[in-house]
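Trainee: Next comes the structure file my_file_3.cif, holding mmCIF, C-alpha atoms.
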data_run
loop_
_atom_site.label_atom_id
_atom_site.label_comp_id
_atom_site.auth_asym_id
_atom_site.auth_seq_id
_atom_site.Cartn_x
_atom_site.Cartn_y
_atom_site.Cartn_z
CA MET D 27 5.28 -4.14 -20.97
CA SER D 28 9.07 -4.67 -20.86
CA ASP D 29 9.74 -1.01 -21.65
CA GLU D 30 7.27 0.23 -19.06
CA VAL D 31 8.56 -1.97 -16.25
CA ALA D 32 12.14 -1.00 -17.10
CA VAL D 33 11.22 2.69 -16.86
CA ALA D 34 9.38 2.09 -13.57
CA ARG D 35 12.40 0.25 -12.18
CA ALA D 36 14.82 2.98 -13.23
CA ALA D 37 12.58 5.74 -11.88
CA ALA D 38 12.07 3.94 -8.57
CA ARG D 39 15.79 3.46 -8.05
CA GLU D 40 16.50 7.10 -8.90
CA ALA D 41 13.83 8.17 -6.40
CA GLY D 42 15.20 5.79 -3.79
CA ARG D 43 18.70 7.23 -4.20
CA ILE D 44 17.34 10.73 -3.70
CA ALA D 45 15.47 9.67 -0.57
CA LEU D 46 18.54 7.98 0.92
CA ASP D 47 20.68 11.05 0.14
CA HIS D 48 18.18 13.31 1.89
CA ALA D 49 18.08 10.99 4.91
CA ALA D 50 21.86 11.02 5.16
CA ARG D 51 21.83 14.83 5.32
CA GLY D 52 19.08 15.00 7.93
CA LEU D 53 15.34 15.27 7.52
CA THR D 54 12.65 17.74 8.45
CA ALA D 55 8.95 17.34 7.75
CA GLU D 56 5.96 19.53 7.04
CA TRP D 57 2.40 18.81 8.08
CA LYS D 58 -0.10 18.30 5.26
CA GLY D 59 -2.73 17.67 7.92
CA ALA D 60 -3.12 15.99 11.29
CA ARG D 61 -0.97 12.81 11.29
CA ASP D 62 -0.05 13.46 7.64
CA LEU D 63 3.61 14.32 6.96
CA VAL D 64 5.62 15.19 3.87
CA THR D 65 9.33 15.86 3.40
CA ALA D 66 11.48 17.60 0.83
CA ALA D 67 12.63 14.11 -0.13
CA ASP D 68 9.06 13.12 -1.10
CA ARG D 69 8.84 16.10 -3.44
CA ALA D 70 12.32 15.69 -4.91
CA ALA D 71 11.83 11.96 -5.48
CA GLN D 72 8.46 12.56 -7.11
CA ALA D 73 9.90 15.22 -9.41
CA ARG D 74 12.62 12.85 -10.55
CA ILE D 75 10.10 10.08 -11.24
CA ARG D 76 8.08 12.49 -13.37
CA GLU D 77 11.23 13.38 -15.32
CA VAL D 78 12.17 9.75 -15.99
CA VAL D 79 8.64 8.86 -17.13
CA ALA D 80 8.40 11.96 -19.32
CA GLU D 81 11.73 11.20 -21.00
CA ALA D 82 10.48 7.77 -22.05
CA PHE D 83 6.75 8.43 -22.54
CA PRO D 84 6.21 12.19 -22.92
CA THR D 85 2.45 11.98 -23.51
CA ASP D 86 1.65 9.71 -20.55
CA LEU D 87 -0.18 11.04 -17.50
CA VAL D 88 1.31 10.79 -14.01
CA VAL D 89 -1.05 10.54 -11.02
CA ASP D 90 0.88 11.02 -7.79
CA GLU D 91 0.56 11.80 -4.12
CA GLU D 92 2.44 15.06 -3.77
CA GLY D 93 1.25 16.84 -6.91
CA GLU D 94 -1.79 18.96 -7.46
CA ALA D 95 -5.32 17.54 -7.11
CA SER D 96 -5.41 14.26 -9.00
CA PRO D 97 -8.10 13.61 -11.61
CA GLY D 98 -10.82 11.06 -10.99
CA GLU D 99 -10.69 7.72 -12.76
CA ASP D 100 -13.66 8.63 -14.96
CA GLU D 101 -11.73 11.67 -16.21
CA ILE D 102 -8.67 9.69 -17.31
CA ALA D 103 -10.19 6.38 -18.41
CA GLY D 104 -8.67 5.10 -21.63
CA THR D 105 -5.39 6.97 -21.21
CA ARG D 106 -1.90 5.64 -20.51
CA ARG D 107 -1.08 6.63 -16.96
CA TRP D 108 1.29 6.07 -14.05
CA TYR D 109 0.45 5.89 -10.34
CA VAL D 110 3.31 7.11 -8.17
CA ASP D 111 3.98 7.19 -4.46
CA PRO D 112 7.54 8.54 -4.10
CA ILE D 113 7.86 7.44 -0.46
CA ASP D 114 5.24 5.01 0.80
CA GLY D 115 5.75 4.94 4.56
CA THR D 116 6.92 8.51 5.16
CA THR D 117 6.64 8.21 8.94
CA ASN D 118 8.84 5.09 8.90
CA TYR D 119 11.29 6.95 6.66
CA LEU D 120 11.41 9.94 9.02
CA LYS D 121 11.96 7.73 12.06
CA GLY D 122 14.81 5.79 10.49
CA ARG D 123 12.83 2.58 10.09
CA HIS D 124 13.61 0.53 7.00
CA TRP D 125 10.05 -0.37 5.97
CA TRP D 126 9.31 2.25 3.30
CA GLY D 127 9.43 2.18 -0.45
CA VAL D 128 8.97 3.80 -3.82
CA SER D 129 5.82 2.57 -5.55
CA ILE D 130 5.22 3.00 -9.29
CA ALA D 131 2.52 1.35 -11.44
CA PHE D 132 1.55 1.64 -15.08
CA CYS D 133 -2.05 1.45 -16.32
CA ASP D 134 -2.69 0.84 -20.01
CA THR D 135 -5.45 2.24 -22.22
CA ASP D 136 -7.64 -0.74 -21.29
CA ASP D 137 -7.71 0.72 -17.75
CA GLU D 138 -6.01 -2.38 -16.35
CA LEU D 139 -2.85 -2.16 -14.28
CA ALA D 140 -0.17 -3.71 -16.45
CA ALA D 141 3.15 -3.26 -14.64
CA GLY D 142 4.33 -2.37 -11.17
CA VAL D 143 7.55 -1.84 -9.23
CA VAL D 144 8.02 -1.40 -5.49
CA TYR D 145 11.59 -0.57 -4.49
CA LEU D 146 12.65 -0.72 -0.84
CA PRO D 147 15.83 1.42 -0.80
CA ALA D 148 16.85 0.85 2.81
CA LEU D 149 16.68 -2.93 2.26
CA GLY D 150 17.98 -2.93 -1.32
CA GLN D 151 15.00 -4.99 -2.51
CA THR D 152 13.05 -4.58 -5.75
CA TYR D 153 9.66 -6.19 -6.30
CA GLU D 154 8.23 -6.04 -9.79
CA ALA D 155 5.59 -7.60 -12.01
CA VAL D 156 4.22 -7.41 -15.54
CA ARG D 157 0.70 -8.46 -16.42
CA GLY D 158 0.79 -12.10 -17.47
CA GLY D 159 4.49 -12.40 -16.72
CA GLY D 160 4.56 -13.27 -13.02
CA ALA D 161 6.16 -11.40 -10.14
CA MET D 162 9.78 -11.16 -9.06
CA LEU D 163 11.89 -10.12 -6.09
CA ASP D 164 15.39 -9.02 -7.11
CA GLY D 165 15.03 -10.87 -10.39
CA GLU D 166 13.85 -14.17 -8.90
CA PRO D 167 10.27 -15.44 -9.34
CA ILE D 168 8.04 -15.27 -6.25
CA ARG D 169 4.70 -16.84 -5.33
CA CYS D 170 2.24 -16.25 -2.54
CA SER D 171 2.12 -18.75 0.30
CA PRO D 172 0.18 -22.05 0.20
CA VAL D 173 -1.57 -21.33 3.53
CA THR D 174 -5.23 -22.36 3.46
CA GLU D 175 -6.30 -21.75 7.06
CA LEU D 176 -6.68 -18.32 8.62
CA ALA D 177 -5.47 -19.83 11.90
CA GLU D 178 -2.08 -20.35 10.23
CA ALA D 179 -1.95 -16.94 8.58
CA LEU D 180 0.13 -13.88 9.33
CA CYS D 181 -1.82 -10.82 8.18
CA CYS D 182 -0.99 -7.13 8.03
CA SER D 183 -2.84 -3.86 7.72
CA GLY D 184 -2.33 -0.24 8.65
CA PHE D 185 -4.03 3.00 9.47
CA PRO D 186 -4.47 6.14 7.33
CA GLY D 187 -2.00 8.92 7.90
CA SER D 188 -4.68 11.59 7.71
CA ASP D 189 -7.00 12.52 10.55
CA SER D 190 -9.69 13.21 7.94
CA MET D 191 -9.91 9.43 7.59
CA ALA D 192 -10.44 8.83 11.31
CA ASP D 193 -13.60 6.78 10.75
CA ILE D 194 -11.62 4.39 8.56
CA SER D 195 -9.07 4.00 11.36
CA ARG D 196 -11.80 3.22 13.88
CA ARG D 197 -13.35 0.63 11.59
CA ASN D 198 -9.94 -0.88 11.02
CA ILE D 199 -9.62 -1.39 14.77
CA GLU D 200 -12.82 -3.43 14.54
CA ALA D 201 -11.38 -5.38 11.61
CA TRP D 202 -8.24 -6.06 13.64
CA ARG D 203 -10.33 -7.33 16.55
CA LEU D 204 -12.21 -9.74 14.30
CA VAL D 205 -9.16 -10.97 12.38
CA MET D 206 -7.00 -11.34 15.50
CA ALA D 207 -9.55 -13.71 16.98
CA ARG D 208 -8.90 -16.13 14.13
CA ALA D 209 -5.51 -15.43 12.54
CA LEU D 210 -2.12 -16.62 13.71
CA SER D 211 -0.98 -13.01 14.17
CA LEU D 212 -1.20 -9.46 12.83
CA ARG D 213 1.31 -6.76 11.98
CA ALA D 214 1.01 -3.01 11.44
CA THR D 215 4.13 -2.01 9.55
CA GLY D 216 3.21 1.44 8.24
CA ALA D 217 3.58 1.02 4.46
CA VAL D 218 0.86 -0.61 2.38
CA ALA D 219 2.74 -1.19 -0.90
CA PRO D 220 5.55 -3.16 0.80
CA ASP D 221 2.89 -5.04 2.80
CA TRP D 222 1.17 -6.25 -0.36
CA CYS D 223 4.56 -7.26 -1.73
CA THR D 224 5.11 -9.48 1.31
CA VAL D 225 1.84 -11.23 0.44
CA ALA D 226 3.27 -11.75 -3.05
CA SER D 227 6.48 -13.26 -1.69
CA GLY D 228 4.79 -15.44 0.94
CA ARG D 229 6.29 -13.51 3.85
CA ALA D 230 2.75 -12.59 4.87
CA ASP D 231 -0.45 -14.39 3.96
CA GLY D 232 -3.00 -11.58 3.74
CA SER D 233 -3.38 -7.83 3.89
CA TRP D 234 -6.20 -5.35 3.61
CA THR D 235 -6.79 -1.63 3.39
CA LEU D 236 -10.02 0.26 4.02
CA GLY D 237 -8.95 3.40 2.25
CA VAL D 238 -5.72 4.78 0.77
CA GLY D 239 -4.69 6.74 -2.30
CA ARG D 240 -4.77 5.01 -5.67
CA TRP D 241 -1.00 5.46 -5.87
CA ASP D 242 -0.54 3.60 -2.57
CA ILE D 243 -1.65 0.16 -3.74
CA ALA D 244 -1.55 0.28 -7.55
CA ALA D 245 1.85 -1.41 -7.85
CA GLY D 246 1.00 -3.78 -5.00
CA ILE D 247 -2.12 -4.90 -6.86
CA VAL D 248 -0.10 -5.98 -9.89
CA ILE D 249 2.67 -7.64 -7.90
CA ALA D 250 0.38 -9.59 -5.55
CA ARG D 251 -1.93 -10.62 -8.39
CA GLU D 252 0.93 -11.85 -10.58
CA ALA D 253 2.35 -13.83 -7.65
CA GLY D 254 -0.88 -15.83 -7.46
CA ALA D 255 -2.64 -13.96 -4.67
CA THR D 256 -6.35 -13.20 -4.86
CA VAL D 257 -6.75 -9.43 -5.03
CA THR D 258 -10.22 -7.89 -4.78
CA ASP D 259 -12.04 -4.78 -3.69
CA LEU D 260 -14.11 -4.95 -0.51
CA ASP D 261 -17.10 -6.28 -2.46
CA GLY D 262 -15.04 -9.26 -3.55
CA ILE D 263 -14.67 -8.08 -7.16
CA ALA D 264 -11.24 -8.71 -8.70
CA LEU D 265 -9.07 -5.60 -8.71
CA ARG D 266 -7.69 -5.23 -12.20
CA GLY D 267 -7.40 -1.46 -12.30
CA PRO D 268 -6.54 1.18 -9.69
CA GLY D 269 -8.38 1.07 -6.38
CA GLU D 270 -8.39 2.60 -2.92
CA ARG D 271 -9.72 -0.29 -0.81
CA GLY D 272 -9.11 -3.98 -1.05
CA VAL D 273 -7.85 -7.32 0.21
CA ALA D 274 -4.82 -9.22 -1.08
CA ALA D 275 -4.38 -12.73 0.26
CA THR D 276 -3.36 -16.24 -0.61
CA PRO D 277 -6.34 -17.89 -2.34
CA GLY D 278 -6.89 -20.29 0.55
CA ILE D 279 -7.70 -17.57 3.10
CA HIS D 280 -8.96 -14.70 0.97
CA ALA D 281 -12.68 -15.42 1.40
CA ASP D 282 -12.41 -15.73 5.19
CA LEU D 283 -10.29 -12.58 5.53
CA LEU D 284 -12.61 -10.60 3.27
CA SER D 285 -15.68 -11.66 5.24
CA LEU D 286 -14.16 -10.40 8.49
CA VAL D 287 -13.19 -7.06 6.96
CA GLN D 288 -16.69 -6.72 5.53
CA ALA D 289 -18.15 -7.43 8.97
CA ALA D 290 -16.14 -4.53 10.40
CA LEU D 291 -17.58 -2.23 7.74
CA ASP D 292 -21.12 -3.37 8.55
CA VAL D 293 -20.97 -2.06 12.13
CA PRO D 294 -23.47 0.85 12.10
CA GLU D 295 -21.32 3.27 14.06
CA ILE D 296 -17.79 3.10 15.43
CA PRO D 297 -17.47 5.80 18.13
CA ARG D 298 -14.53 8.18 18.18
CA ASP D 299 -12.13 7.89 21.09
CA ASP D 300 -11.66 11.14 23.03
CA GLY D 301 -8.20 10.10 24.18
CA THR D 302 -9.30 8.46 27.42
CA GLY D 303 -10.46 5.19 25.90
CA GLY D 304 -13.90 5.66 27.41
CA ASP D 305 -15.68 5.97 24.07
CA LEU D 306 -14.44 2.67 22.73
CA PRO D 307 -16.44 -0.55 22.91
CA GLU D 308 -15.30 -2.93 25.62
CA GLY D 309 -13.64 -5.25 23.12
CA HIS D 310 -11.31 -2.46 21.99
CA ARG D 311 -9.94 -1.38 25.35
CA ALA D 312 -6.35 -2.20 26.21
CA THR D 313 -5.99 -4.92 28.83
CA GLY D 314 -2.23 -4.80 29.32
CA GLU D 315 -1.92 -8.38 28.09
CA ARG D 316 0.65 -9.19 25.45
CA VAL D 317 -0.74 -11.06 22.49
CA ASN D 318 1.29 -12.73 19.74
CA GLU D 319 4.40 -10.60 20.12
#
Can you dump the structure from the file as structure tokens?

Mentor:
Amino acid sequence: MSDEVAVARAAAREAGRIALDHAARGLTAEWKGARDLVTAADRAAQARIREVVAEAFPTDLVVDEEGEASPGEDEIAGTRRWYVDPIDGTTNYLKGRHWWGVSIAFCDTDDELAAGVVYLPALGQTYEAVRGGGAMLDGEPIRCSPVTELAEALCCSGFPGSDSMADISRRNIEAWRLVMARALSLRATGAVAPDWCTVASGRADGSWTLGVGRWDIAAGIVIAREAGATVTDLDGIALRGPGERGVAATPGIHADLLSLVQAALDVPEIPRDDGTGGDLPEGHRATGERVNE
């Protein structure tokens, strides 16, 4: 996969340069839906990634966030394909926060993710991995942390950017409540691919998502897996190919973290907040207390 990871790296850096150039000139955003933003930089970066991939592998398929409706996995099984998120963390990008990245993954004809690159342009960091070859940060090998107790673990998760996924957000609040009762601390950073890379590098110990696009976590799956993390779907089955939900964690805490996330999904109904807080269960209401800041 040396050619594929080299193309992914080059495409990610080209896309990152475009995004930084757009940011320097000033940004405006369009609404794809409630709480779901896109910028001209997203589209320009995605177009450039498509060009770089096509130059190297003209018959490969690109599955990306800002293009037309993406095919289902059953429609493209057995084909060489790329999963692309040109700017993962668009809200962070718009607000001038540094935690956003370009995420590119390659899936071979065996339907297994084989290479991935996540480039964080504002930080100048490049995470990458090749199946069977380990994971690296800026050319240096990385491994997940040796933490074995959830009480010693820093975990991270986020919330969907689309209001159409409001039920997922509400269930994630329940997952946060359960995990916070046992973990050292939690973070919501706003970009899932970089989050899973921090699990790979040992800068976080576990992360989960209840529902994102396949392009959001494809590269993160490869990078975390190759760094020694346990990466599964929410049924505990190893994630080898693209997915939309899952848990990535150091092997010592994965089972405990997964069980708490599963418990949040098992709640029969998570009510929708009307903006007053009155619809939320007692355990979800703000108390004004600061916890683990």

Trainee: Please determine, counting all atoms listed in the file, which residue among D:Pro112, D:Gly104, D:Pro220, D:Gly232 has the shortest atom-to-atom distance to D:Asp134.

Mentor: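 Among D:Pro112, D:Gly104, D:Pro220, D:Gly232, it is D:Gly104 that comes nearest to D:Asp134.
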
Trainee: What's the separation between atom CA of D:Ala70 and atom CA of D:Ala45, in Å to one decimal place?

Mentor: 8.1 Å

Trainee: Using all atoms listed in the file, which residues sit within 9 Å of D:Ile249 once same-chain residues fewer than 6 positions away are excluded, as a ChimeraX atom specification?

Mentor: /D:141-144,153-157,160-162,222-223,226,255

Trainee: What is the atom CA of D:Ala201 to atom CA of D:Gly98 distance in Å?

Mentor: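 Between atom CA of D:Ala201 and atom CA of D:Gly98 the gap is 28.0 Å.
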
Trainee: Which residues, named as in the file, does the PyMOL selection byres ((chain D and resi 36) around 12) pick out? Answer as a VMD selection string.

Mentor: chain D and resid 29 to 35 37 to 43 74 to 79 81 to 82 128 to 130 142 to 145 152 154

Trainee: Tell me which residues the PyMOL selection byres ((chain D and resi 273) around 7) grabs here, as a list in words.

Mentor: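 Against this file, the PyMOL selection byres ((chain D and resi 273) around 7) returns the residues Ser233, Trp234, Thr235, Val257, Thr258, Asp259, Leu260, Gly272, Ala274, Ala275 and Leu284 of chain D.
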
Trainee: Go through D:Ile279, D:Ala140, D:Ile263, D:Ala148 one by one, measure the shortest atom-to-atom distance of each to D:Gly246 using only C-alpha atoms, and give the residue with the smallest value.

Mentor: D:Ala140

Trainee: Might I get the box with edges along x, y and z of the file that holds all atoms of stretch 149-156 of chain D listed there, padded by 3 Å on every side, given as centre and edge lengths in Å to one decimal, as lines of an AutoDock Vina configuration file?

Mentor:
center_x = 11.1
center_y = -5.3
center_z = -6.6
size_x = 19.8
size_y = 10.7
size_z = 23.8

Trainee: Quick one: of D:Ala253, D:Pro277, D:Leu53, D:Asp221, who's nearest to D:Lys121, counting all atoms listed in the file?

Mentor: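 Residue with the minimum atom-to-atom distance to D:Lys121: D:Leu53.
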
Trainee: Counting only C-alpha atoms, figure out which residue out of D:Gly52, D:Gly228, D:Gly239, D:Pro167 gets nearest to D:Thr276.

Mentor: D:Gly228

Trainee: What is the distance between atom CA of D:Asn198 and atom CA of D:Phe185, in Å to one decimal?

Mentor: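 According to the coordinates, atom CA of D:Asn198 and atom CA of D:Phe185 are separated by 7.2 Å.
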
Trainee: Could you pull the residues within 12 Å of D:Ile102, counting all atoms listed in the file, minus those fewer than 4 positions along the same chain, as JSON, numbers by chain?

Mentor: {"D": [86, 87, 88, 89, 96, 97, 98, 106, 107, 108, 133, 134, 135, 136, 137, 268]}

Trainee: Taking all atoms listed in the file into account, name the residue in D:Arg266, D:His124, D:Arg197, D:Arg251 that is nearest to D:Ala289.

Mentor: D:Arg197

Trainee: Could you add the missing atoms to stretch 117-141 of chain D, up to N, CA, C and O atoms, and return them as a PDB file, keeping the file's coordinate frame?

Mentor:
ATOM      1  N   THR D 117       6.343   8.182   7.508  1.00  0.00           N
ATOM      2  CA  THR D 117       6.640   8.210   8.940  1.00  0.00           C
ATOM      3  C   THR D 117       7.772   7.247   9.277  1.00  0.00           C
ATOM      4  O   THR D 117       8.696   7.586  10.038  1.00  0.00           O
ATOM      5  N   ASN D 118       7.735   6.027   8.711  1.00  0.00           N
ATOM      6  CA  ASN D 118       8.840   5.090   8.900  1.00  0.00           C
ATOM      7  C   ASN D 118      10.159   5.701   8.413  1.00  0.00           C
ATOM      8  O   ASN D 118      11.199   5.602   9.078  1.00  0.00           O
ATOM      9  N   TYR D 119      10.104   6.305   7.249  1.00  0.00           N
ATOM     10  CA  TYR D 119      11.290   6.950   6.660  1.00  0.00           C
ATOM     11  C   TYR D 119      11.852   8.019   7.587  1.00  0.00           C
ATOM     12  O   TYR D 119      13.062   8.064   7.850  1.00  0.00           O
ATOM     13  N   LEU D 120      10.980   8.868   8.118  1.00  0.00           N
ATOM     14  CA  LEU D 120      11.410   9.940   9.020  1.00  0.00           C
ATOM     15  C   LEU D 120      12.037   9.398  10.298  1.00  0.00           C
ATOM     16  O   LEU D 120      12.974   9.982  10.844  1.00  0.00           O
ATOM     17  N   LYS D 121      11.496   8.296  10.785  1.00  0.00           N
ATOM     18  CA  LYS D 121      11.960   7.730  12.060  1.00  0.00           C
ATOM     19  C   LYS D 121      13.137   6.775  11.904  1.00  0.00           C
ATOM     20  O   LYS D 121      13.592   6.185  12.884  1.00  0.00           O
ATOM     21  N   GLY D 122      13.644   6.651  10.692  1.00  0.00           N
ATOM     22  CA  GLY D 122      14.810   5.790  10.490  1.00  0.00           C
ATOM     23  C   GLY D 122      14.488   4.311  10.418  1.00  0.00           C
ATOM     24  O   GLY D 122      15.401   3.476  10.487  1.00  0.00           O
ATOM     25  N   ARG D 123      13.210   3.981  10.270  1.00  0.00           N
ATOM     26  CA  ARG D 123      12.830   2.580  10.090  1.00  0.00           C
ATOM     27  C   ARG D 123      12.997   2.210   8.614  1.00  0.00           C
ATOM     28  O   ARG D 123      12.866   3.040   7.726  1.00  0.00           O
ATOM     29  N   HIS D 124      13.272   0.949   8.356  1.00  0.00           N
ATOM     30  CA  HIS D 124      13.610   0.530   7.000  1.00  0.00           C
ATOM     31  C   HIS D 124      12.401   0.209   6.129  1.00  0.00           C
ATOM     32  O   HIS D 124      12.555   0.043   4.918  1.00  0.00           O
ATOM     33  N   TRP D 125      11.213   0.104   6.724  1.00  0.00           N
ATOM     34  CA  TRP D 125      10.050  -0.370   5.970  1.00  0.00           C
ATOM     35  C   TRP D 125       9.341   0.795   5.273  1.00  0.00           C
ATOM     36  O   TRP D 125       8.325   1.289   5.702  1.00  0.00           O
ATOM     37  N   TRP D 126       9.903   1.232   4.170  1.00  0.00           N
ATOM     38  CA  TRP D 126       9.310   2.250   3.300  1.00  0.00           C
ATOM     39  C   TRP D 126       9.782   1.975   1.884  1.00  0.00           C
ATOM     40  O   TRP D 126      10.778   1.270   1.674  1.00  0.00           O
ATOM     41  N   GLY D 127       9.055   2.486   0.918  1.00  0.00           N
ATOM     42  CA  GLY D 127       9.430   2.180  -0.450  1.00  0.00           C
ATOM     43  C   GLY D 127       8.914   3.171  -1.453  1.00  0.00           C
ATOM     44  O   GLY D 127       8.105   4.050  -1.153  1.00  0.00           O
ATOM     45  N   VAL D 128       9.418   3.020  -2.665  1.00  0.00           N
ATOM     46  CA  VAL D 128       8.970   3.800  -3.820  1.00  0.00           C
ATOM     47  C   VAL D 128       8.043   2.903  -4.627  1.00  0.00           C
ATOM     48  O   VAL D 128       8.414   1.789  -4.996  1.00  0.00           O
ATOM     49  N   SER D 129       6.831   3.383  -4.885  1.00  0.00           N
ATOM     50  CA  SER D 129       5.820   2.570  -5.550  1.00  0.00           C
ATOM     51  C   SER D 129       5.408   3.222  -6.870  1.00  0.00           C
ATOM     52  O   SER D 129       4.957   4.372  -6.891  1.00  0.00           O
ATOM     53  N   ILE D 130       5.551   2.485  -7.967  1.00  0.00           N
ATOM     54  CA  ILE D 130       5.220   3.000  -9.290  1.00  0.00           C
ATOM     55  C   ILE D 130       4.464   1.914 -10.067  1.00  0.00           C
ATOM     56  O   ILE D 130       4.927   0.775 -10.161  1.00  0.00           O
ATOM     57  N   ALA D 131       3.307   2.286 -10.632  1.00  0.00           N
ATOM     58  CA  ALA D 131       2.520   1.350 -11.440  1.00  0.00           C
ATOM     59  C   ALA D 131       2.109   1.999 -12.738  1.00  0.00           C
ATOM     60  O   ALA D 131       1.881   3.208 -12.800  1.00  0.00           O
ATOM     61  N   PHE D 132       1.983   1.170 -13.766  1.00  0.00           N
ATOM     62  CA  PHE D 132       1.550   1.640 -15.080  1.00  0.00           C
ATOM     63  C   PHE D 132       0.197   1.033 -15.413  1.00  0.00           C
ATOM     64  O   PHE D 132      -0.023  -0.166 -15.236  1.00  0.00           O
ATOM     65  N   CYS D 133      -0.719   1.886 -15.904  1.00  0.00           N
ATOM     66  CA  CYS D 133      -2.050   1.450 -16.320  1.00  0.00           C
ATOM     67  C   CYS D 133      -2.207   1.734 -17.802  1.00  0.00           C
ATOM     68  O   CYS D 133      -2.004   2.875 -18.256  1.00  0.00           O
ATOM     69  N   ASP D 134      -2.590   0.712 -18.567  1.00  0.00           N
ATOM     70  CA  ASP D 134      -2.690   0.840 -20.010  1.00  0.00           C
ATOM     71  C   ASP D 134      -4.035   1.451 -20.407  1.00  0.00           C
ATOM     72  O   ASP D 134      -4.892   1.728 -19.569  1.00  0.00           O
ATOM     73  N   THR D 135      -4.221   1.622 -21.715  1.00  0.00           N
ATOM     74  CA  THR D 135      -5.450   2.240 -22.220  1.00  0.00           C
ATOM     75  C   THR D 135      -6.683   1.388 -21.991  1.00  0.00           C
ATOM     76  O   THR D 135      -7.808   1.867 -22.156  1.00  0.00           O
ATOM     77  N   ASP D 136      -6.493   0.114 -21.633  1.00  0.00           N
ATOM     78  CA  ASP D 136      -7.640  -0.740 -21.290  1.00  0.00           C
ATOM     79  C   ASP D 136      -8.060  -0.560 -19.840  1.00  0.00           C
ATOM     80  O   ASP D 136      -8.943  -1.265 -19.353  1.00  0.00           O
ATOM     81  N   ASP D 137      -7.420   0.394 -19.153  1.00  0.00           N
ATOM     82  CA  ASP D 137      -7.710   0.720 -17.750  1.00  0.00           C
ATOM     83  C   ASP D 137      -7.371  -0.413 -16.791  1.00  0.00           C
ATOM     84  O   ASP D 137      -7.867  -0.465 -15.674  1.00  0.00           O
ATOM     85  N   GLU D 138      -6.493  -1.307 -17.219  1.00  0.00           N
ATOM     86  CA  GLU D 138      -6.010  -2.380 -16.350  1.00  0.00           C
ATOM     87  C   GLU D 138      -4.559  -2.126 -15.994  1.00  0.00           C
ATOM     88  O   GLU D 138      -3.742  -1.773 -16.854  1.00  0.00           O
ATOM     89  N   LEU D 139      -4.238  -2.297 -14.711  1.00  0.00           N
ATOM     90  CA  LEU D 139      -2.850  -2.160 -14.280  1.00  0.00           C
ATOM     91  C   LEU D 139      -2.008  -3.233 -14.957  1.00  0.00           C
ATOM     92  O   LEU D 139      -2.329  -4.415 -14.903  1.00  0.00           O
ATOM     93  N   ALA D 140      -0.931  -2.795 -15.617  1.00  0.00           N
ATOM     94  CA  ALA D 140      -0.170  -3.710 -16.450  1.00  0.00           C
ATOM     95  C   ALA D 140       1.248  -3.949 -15.981  1.00  0.00           C
ATOM     96  O   ALA D 140       1.885  -4.917 -16.406  1.00  0.00           O
ATOM     97  N   ALA D 141       1.781  -3.081 -15.134  1.00  0.00           N
ATOM     98  CA  ALA D 141       3.150  -3.260 -14.640  1.00  0.00           C
ATOM     99  C   ALA D 141       3.284  -2.516 -13.319  1.00  0.00           C
ATOM    100  O   ALA D 141       2.617  -1.500 -13.095  1.00  0.00           O
TER     101      ALA D 141
END
